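In what follows, a single structure is set out as structure tokens and then discussed.
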Amino acid sequence: MGIDEAHTTEQLRALAETTPDALITIDTESQIQFVNPAIEDILGYSPDDLIGKSLTSLMAEELGERHLDAVDRYLTTGDRRLDWDYVELPGQHKDGYEVPLGITFSEFTTDGDRFFTGILRDISERKQLEAERELLHTAREGVIEAESFSDGLTNALRLLGESMNWVYGEAWVPNEDTDQITWEAAWEADTDDLKDFREVSTETTFEKGKGLVGRVWETGEYEWIPDVSTVEESAFKRTDIARESDLKAAAGVPITSGETVVAVLVFLMAEERPVDERMVEVTRTVAANLGLLMARKQAEIALRDERNLLSNILKTTPTGIVVIDPDGEFTYLNDRAEEILRLHPDEYETHPSFEDVPYRTLDEDGEPLPEDERPYQYVLRTGEGIRRNVQIEFPNGDRRWLSVHGTPLHNESNDVTNTVFAFEDITELKRRTGQLERLNVLGQDLTDAESFDEACDQALTAAHDILDLSITTIERYNAETGRLEPCARTPRVKELVGDDPLFKSDRDLPWEAFVQNEAHAYSDLEQETDLEADETPLSSAIIIPIDSHGVLISGSPEPNDFSEQSVTLAEILAGNTESAFDRLVREATLREQKSELETKNDQLERVQRVNQEIRDITEALMGADSSTEIKQLICERLADSDPYRFVWFADQDLATDEIVPVASAGVEEGYLDAVTVTADTSESGQGPAGRAIRRQEPQIQNNLQADPPFEPWRQEAMQRGYRASIAVPVVYQGTLYGLLNLYANEPGVFTEMEQAVLTELGEMIGYALNAMERYKALVSKDSVELEFVIRDFSDPILNFLGDEEAEFRLENIGKRKDGTVRVFAAFEQVSLEAIQSFVGQHAGVDDLTLIRERDGETIVELSLAADSFIVRLLDRGAVPTSIRGTPNEGRVTIRVSKSASVREFVSLFEQQYDDVDLVGRREAPEPVQTKEEFERAYIDRLTERQQEVLKTAYFAGFFEQPKESTARDLAEILDISQPTVSRHIRSSEEKLFSMLFGDRASK
């Protein structure tokens, strides 16, 4: 080898070492004999990895087989099917992916051996640029060819998604009305896994700066999130559903037009990936071009839609539109104009000129318009617009009203080049306006109608003369018969059915409309209802309810004989009639109310008189010394007050159930001797007195002559001038103290108001009688002890003692400062838990406090309910002195005033218990409540401060007459304020009086 040849070899070797292209030499067996270092940059293999290996290791399997076949064919036949000068083939990278290569082949021989050399160039970047250009071109075409802005976005999403291996893409478009960006379109790879993500997205909106979409919208810059399933919701609002849908990497790219973001594209893939600058750059490049295309597309679509809208408006508008040139030729007529003017094109699609139109133009009075005043000539002559109503008359005499609006079109020289007219057929409007004006007059006339019949006649006249509803009737509802009955009908109705109704059944269509309060219009009764042909002579009908008054019925023997306007006008007529009927009802109601008010004023005056009597009676009761005096005083005072004719007070004989008169006043004339009244359910107990006792409610007979049941006393009452009666039970805290009976000399006296006043009087009398009993019990020097044995095991306490084999005794009874009654009771041979369970399950006891538990005996303090039996005994002035119970019986001993009715207390026990006997009655020379007991009870009610104030006042002479000290003096002594002294004294006095007369709250 010479110097030159050696030098050349070194140059070639240096070139092979430094060139960026890969050089590979193979033998005829495709074994690699030489490869330069560039192969590692292109396909990832080092030269040492490849020397001696088959060239097919750098190819996909299928391509490798084709290569071996091609080499064999070439060596055998010399046939080459590839362009050795340049061919593009994919190479297999060491990491498994393909690399696009540009390859040049050559062949040489050394020492008789054949070799092949290839130069391999990585053309990935060029291929990528070509793909990007193709993508941009395809995207442009997809947007341009799209029918709508949304379709264009969808095409762009699909192309970008498929080319960049995204699995989902979506487009968001700003909403100018809400300042939010909303979902517009989406694309997804062939999968159903993203359905939920897409549904959530369609319902989601973003504000600027919120979430990925909002941030891209605000900044106009792209944003990449490597994994949306792991970020906070503030970074990606849909992170939860993205996680469920296995979506990770996401990119947001703005589409801008000028400086405005017109849309935001968001793409997602199923794997986590850091920012891919190539993908971002490609997407941004496409998006940048799409911005201009989208803006142009939106403008094109808007213009196309505007033109289509205008064309459709001109075609479908109910307004006629024509364009007439200065020569009088119609250059444009829409369909409505042809219809209104009755101008139709000939076979050449031309219309007659304006001079040849088949109608005359008239003014509003029906007179022909002068030629120069006709709208076309006026606009052409003056160059000004016009707006007026005209009539046109056709050769057959048919006239139509038109509302015409015309304007000229001018050129640059201000010459009129065309005239444009828009006009509406207002014939029906004119007719309806006339009808409405006449209906308004009818409405005014109806305000003068003085009866329902007169109002019906006026309405029917209007239906016939104004609305051309010749077959019309009004039927009013009769509340007494529950039917619709004719009020008035037009003559044509009488011709059709005579005096019979238009519908045979009284529960037919008119009744349904009335009950449902819903108007109905039937174009064909036979087709639209189940009516038989013989049920009505009508084939079409309008049935309109007149509220609760009745119905208006209009009909025709022909089907489809009513227009919508007829129905509307009929509804207006029905409304006017309804207003007239309402007015008539109001006037009748006002008359009734006036009469009723006069009656109530009379009643109020009478009640006021009764109230005054009651106030007088209340004052008089304060001085009564006995129950007998109270009862007689009540009767006398009430009998002196009109319209009461006779008043009597009665007690119930508990042994015989007879209602026994004990006091009376007024016109009696032997009435009480002539009648026998009982409280049982026999015939003598069916009157007001018996019912009042049994029901403990006032019983009224406001017309003794007519109101049953007042036999057998009716005749006796009528003979004495009694016309109405009321029996008022005298009850206080559930205890009956008697019965007050009042008789009036006129019927209808005892109204609800008067009943309420007399009921209150009964309660007040009961309170007074109770207070008298309590007073007697306190002041009586002698008393009576009554002992009862109870064997009623349905009673809860006796049943409890029997079940537990226990015993019970009452230790003490007292009232606390809050007015509640407290008892101390001892139980033997029973656990506290059992006692607590019993108390919790039964009414009559509000709470329980343990006092002592020792040697099988449990002493507890109980708070009694206001309606308990012991409280009722105390309210009647009785004092329980002993209450004991065993598993076999209960024994109760009470002390009552000597003047008290023993029978009443026996009755109280018999009403409380099914099995009870009075076993002992002993007189005692001592009061019901001793002085010491009364004092102790009173002191228990006072607070320590009240006791201190009361003692100081007493010893300071505050209660002397005249006073030896004042409240101011007491305040200085006690070092408290004067109002505080007065409040303590008043409170102490109130507690004393409540012990004497009962609590005011119970009154």
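Naming works like this for the structure tokens: A, B, ... for the chains as they're shown, residue 1 at the start of each chain, ligands 1 onward in shown order.
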Give me, as a ChimeraX atom specification, the residues of region 471-554 of chain A that a backbone DSSP run labels strand (DSSP E or B). /A:472-478,483-489,520-522,540-546,550-554
For the residues in that selection, give me N, CA, C and O atoms as a short mmCIF file (atom, residue, chain, number, x, y, z; two decimals), in the first residue's frame.
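Generated output (part-v8.cif):
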```
data_model
loop_
_atom_site.label_atom_id
_atom_site.label_comp_id
_atom_site.auth_asym_id
_atom_site.auth_seq_id
_atom_site.Cartn_x
_atom_site.Cartn_y
_atom_site.Cartn_z
N THR A 472 -127.08 29.67 21.77
CA THR A 472 -126.41 29.90 23.05
C THR A 472 -127.42 29.85 24.18
O THR A 472 -128.55 30.35 24.04
N THR A 473 -127.02 29.25 25.28
CA THR A 473 -127.86 29.23 26.48
C THR A 473 -126.97 29.39 27.70
O THR A 473 -125.78 29.04 27.67
N ILE A 474 -127.52 29.95 28.74
CA ILE A 474 -126.83 30.05 30.04
C ILE A 474 -127.62 29.23 31.04
O ILE A 474 -128.84 29.40 31.18
N GLU A 475 -126.94 28.32 31.72
CA GLU A 475 -127.57 27.49 32.74
C GLU A 475 -126.95 27.82 34.09
O GLU A 475 -125.73 27.81 34.23
N ARG A 476 -127.80 28.12 35.06
CA ARG A 476 -127.33 28.46 36.41
C ARG A 476 -127.44 27.25 37.32
O ARG A 476 -128.32 26.41 37.17
N TYR A 477 -126.51 27.21 38.29
CA TYR A 477 -126.51 26.09 39.25
C TYR A 477 -127.50 26.39 40.37
O TYR A 477 -127.49 27.45 40.97
N ASN A 478 -128.40 25.41 40.60
CA ASN A 478 -129.37 25.50 41.68
C ASN A 478 -128.86 24.65 42.84
O ASN A 478 -128.83 23.41 42.76
N ARG A 483 -128.53 20.87 40.50
CA ARG A 483 -128.55 20.73 39.04
C ARG A 483 -128.31 22.08 38.36
O ARG A 483 -128.47 23.14 38.96
N LEU A 484 -127.94 21.98 37.07
CA LEU A 484 -127.86 23.16 36.22
C LEU A 484 -129.21 23.38 35.57
O LEU A 484 -129.78 22.46 34.95
N GLU A 485 -129.75 24.59 35.68
CA GLU A 485 -131.08 24.88 35.15
C GLU A 485 -131.01 26.09 34.23
O GLU A 485 -130.28 27.05 34.52
N PRO A 486 -131.75 26.06 33.08
CA PRO A 486 -131.69 27.17 32.11
C PRO A 486 -132.08 28.50 32.76
O PRO A 486 -133.05 28.58 33.51
N CYS A 487 -131.27 29.51 32.44
CA CYS A 487 -131.56 30.87 32.90
C CYS A 487 -132.08 31.72 31.73
O CYS A 487 -132.98 32.53 31.89
N ALA A 488 -131.46 31.51 30.56
CA ALA A 488 -131.89 32.22 29.34
C ALA A 488 -131.34 31.47 28.15
O ALA A 488 -130.33 30.76 28.25
N ARG A 489 -131.99 31.61 26.99
CA ARG A 489 -131.54 30.93 25.77
C ARG A 489 -131.94 31.75 24.56
O ARG A 489 -132.94 32.49 24.59
N HIS A 520 -114.23 24.01 27.64
CA HIS A 520 -113.97 23.02 26.60
C HIS A 520 -114.57 23.52 25.28
O HIS A 520 -115.66 24.09 25.26
N ALA A 521 -113.82 23.28 24.21
CA ALA A 521 -114.30 23.57 22.87
C ALA A 521 -114.21 22.28 22.06
O ALA A 521 -113.13 21.69 21.96
N TYR A 522 -115.31 21.82 21.52
CA TYR A 522 -115.37 20.57 20.77
C TYR A 522 -115.65 20.89 19.31
O TYR A 522 -116.69 21.44 18.97
N SER A 540 -120.80 20.65 17.10
CA SER A 540 -119.65 21.34 17.70
C SER A 540 -120.19 22.22 18.81
O SER A 540 -121.34 22.67 18.76
N ALA A 541 -119.36 22.44 19.83
CA ALA A 541 -119.86 23.17 21.00
C ALA A 541 -118.73 23.85 21.75
O ALA A 541 -117.58 23.40 21.74
N ILE A 542 -119.08 24.97 22.38
CA ILE A 542 -118.20 25.68 23.32
C ILE A 542 -118.92 25.66 24.67
O ILE A 542 -120.06 26.14 24.76
N ILE A 543 -118.25 25.13 25.70
CA ILE A 543 -118.86 25.06 27.04
C ILE A 543 -117.90 25.73 28.01
O ILE A 543 -116.78 25.27 28.19
N ILE A 544 -118.35 26.85 28.60
CA ILE A 544 -117.47 27.66 29.46
C ILE A 544 -118.12 27.81 30.83
O ILE A 544 -119.26 28.30 30.93
N PRO A 545 -117.42 27.40 31.90
CA PRO A 545 -117.99 27.59 33.23
C PRO A 545 -118.02 29.06 33.63
O PRO A 545 -117.11 29.81 33.30
N ILE A 546 -119.09 29.45 34.31
CA ILE A 546 -119.20 30.81 34.85
C ILE A 546 -118.93 30.70 36.35
O ILE A 546 -119.81 30.86 37.18
N GLY A 550 -122.58 28.72 37.12
CA GLY A 550 -123.21 27.91 36.09
C GLY A 550 -122.31 27.78 34.87
O GLY A 550 -121.09 27.84 34.98
N VAL A 551 -122.92 27.64 33.67
CA VAL A 551 -122.13 27.48 32.44
C VAL A 551 -122.79 28.26 31.31
O VAL A 551 -124.01 28.49 31.30
N LEU A 552 -121.94 28.65 30.34
CA LEU A 552 -122.42 29.22 29.08
C LEU A 552 -122.17 28.18 28.00
O LEU A 552 -121.05 27.67 27.88
N ILE A 553 -123.20 27.87 27.20
CA ILE A 553 -123.09 26.85 26.16
C ILE A 553 -123.44 27.48 24.82
O ILE A 553 -124.49 28.09 24.67
N SER A 554 -122.50 27.36 23.86
CA SER A 554 -122.78 27.76 22.48
C SER A 554 -122.51 26.56 21.58
O SER A 554 -121.58 25.79 21.84
#
```
Surrounding residues of Val390 (chain A) excluding itself and chain neighbours under 5 positions, 7 Å, only C-alpha atoms, as a VMD selection string: chain A and resid 361 to 364 401 to 403
Could you write out, as a VMD selection string, all the residues of region 424-564 of chain A that DSSP marks as alpha helix (DSSP H)? chain A and resid 427 to 446 452 to 465 491 to 497 509 to 516 525 to 528 564
Find the spatial neighbours of region 949-963 of chain A, counting only C-alpha atoms, within a cut-off of 7 Å - ignore same-chain residues fewer than 3 positions away - and output them as number ranges by chain. A: 945-946, 966, 970, 981, 984-985
